[in-house]
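What follows is a short report on a single structure.
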Amino acid sequence: MHRILRCADTGLYCDFVICGRTKDELLNNAGDHIRDFHKKEFSKDLYEKAQNAIHEADCEQEIQTGRILLF
């Protein structure tokens with residue numbers, strides 16, 4: 001089972017989905033996405049929202065639904 005983070009779950013209007021094996025991997029990728037795509041600082045508030053939004057999921061199922069993913 002993988003871990004997943006939906007950008008929208010951090011309060012941003014975005015359908016980007018990040019999938020990975022560890023929380024650290026997801027948070028690093030989330031920080032990159034927020035800085036590069038949203039042109040925002042990965043603030044303590046956003047970091048905490050991202051940390052709380054991470055949950056276990058089947059990444060293969062997410063791929064089949066056509067959602068955007070970053071491994």
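Residues are named by chain letter and number: chains run A, B, ... in the order of the structure tokens, numbers start at 1 in each chain, and ligands are numbered from 1 in the order shown.
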Name the residues of chain A that fall into helix (DSSP H, G or I) according to DSSP on the backbone, using the chain letters and numbers of this document, as an MDAnalysis selection string. chainID A and resid 7:10 23:36 44:53 59:64
Could you give me, as a list in words, the residues within 9 Å of region 22-24 of chain A, counting only C-alpha atoms and dropping anything in the same chain fewer than 6 positions from it? His2, Arg3, Ile4, Gln51 and Ile54 of chain A
Take the residues just selected and output them with C-alpha atoms as a short mmCIF file (atom, residue, chain, number, x, y, z; two decimals), in the first residue's frame.
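Okay, this is what ended up in result_9.cif:
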```cif
data_model
loop_
_atom_site.label_atom_id
_atom_site.label_comp_id
_atom_site.auth_asym_id
_atom_site.auth_seq_id
_atom_site.Cartn_x
_atom_site.Cartn_y
_atom_site.Cartn_z
CA HIS A 2 1.21 3.47 -0.87
CA ARG A 3 0.56 6.83 0.70
CA ILE A 4 -1.25 9.57 -1.16
CA GLN A 51 0.99 16.20 6.73
CA ILE A 54 -1.68 12.04 3.85
#
```
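Within chain A, DSSP applied to the backbone places the following residues in strand (DSSP E): A:His2, A:Arg3, A:Ile4, A:Leu5, A:Arg6, A:Val17, A:Ile18, A:Cys19, A:Gly20, A:His55, A:Glu56, A:Ala57, A:Leu69, A:Leu70.
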Using the selection just defined, write its residues with C-alpha atoms as a PDB file, in the first residue's frame.
```pdb
ATOM      1  CA  HIS A   2       1.210   3.473  -0.875  1.00  0.00           C
ATOM      2  CA  ARG A   3       0.556   6.829   0.696  1.00  0.00           C
ATOM      3  CA  ILE A   4      -1.254   9.571  -1.156  1.00  0.00           C
ATOM      4  CA  LEU A   5      -1.699  13.318  -0.863  1.00  0.00           C
ATOM      5  CA  ARG A   6      -4.189  15.387  -2.819  1.00  0.00           C
ATOM      6  CA  VAL A  17      -2.215  14.054  -6.642  1.00  0.00           C
ATOM      7  CA  ILE A  18       1.086  12.877  -5.184  1.00  0.00           C
ATOM      8  CA  CYS A  19       1.717   9.208  -4.553  1.00  0.00           C
ATOM      9  CA  GLY A  20       4.672   7.665  -2.749  1.00  0.00           C
ATOM     10  CA  HIS A  55      -3.417   8.671   3.888  1.00  0.00           C
ATOM     11  CA  GLU A  56      -2.955   5.161   2.550  1.00  0.00           C
ATOM     12  CA  ALA A  57      -4.318   4.420  -0.911  1.00  0.00           C
ATOM     13  CA  LEU A  69       0.318  11.634 -10.145  1.00  0.00           C
ATOM     14  CA  LEU A  70       3.877  12.173  -9.058  1.00  0.00           C
TER      15      LEU A  70
END
```
Can you list, as a compact mmCIF listing (two decimals) with N, CA and C atoms, in the first residue's frame, every protein, DNA or RNA residue that comes within 10 Å of Gly11 (chain A) when you count only C-alpha atoms, leaving out same-chain residues fewer than 5 positions away?
```txt
# COMPACT_ATOMS: atom_id res chain seq x y z
N ARG A 6 -3.51 14.57 -1.81
CA ARG A 6 -4.19 15.39 -2.82
C ARG A 6 -3.94 16.85 -2.48
N LEU A 46 0.86 25.25 5.53
CA LEU A 46 0.64 24.32 4.42
C LEU A 46 1.29 22.97 4.70
N LYS A 49 -0.98 21.09 7.01
CA LYS A 49 -2.17 20.63 6.29
C LYS A 49 -1.83 19.43 5.42
N ALA A 50 -0.69 19.50 4.73
CA ALA A 50 -0.26 18.39 3.89
C ALA A 50 0.00 17.15 4.73
```
Between CA of Met1 (chain A) and CA of Asn52 (chain A), what is the distance in Å, rounded to a tenth?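 If I compute the distance from CA of Met1 (chain A) to CA of Asn52 (chain A), I get 17.9 Å.
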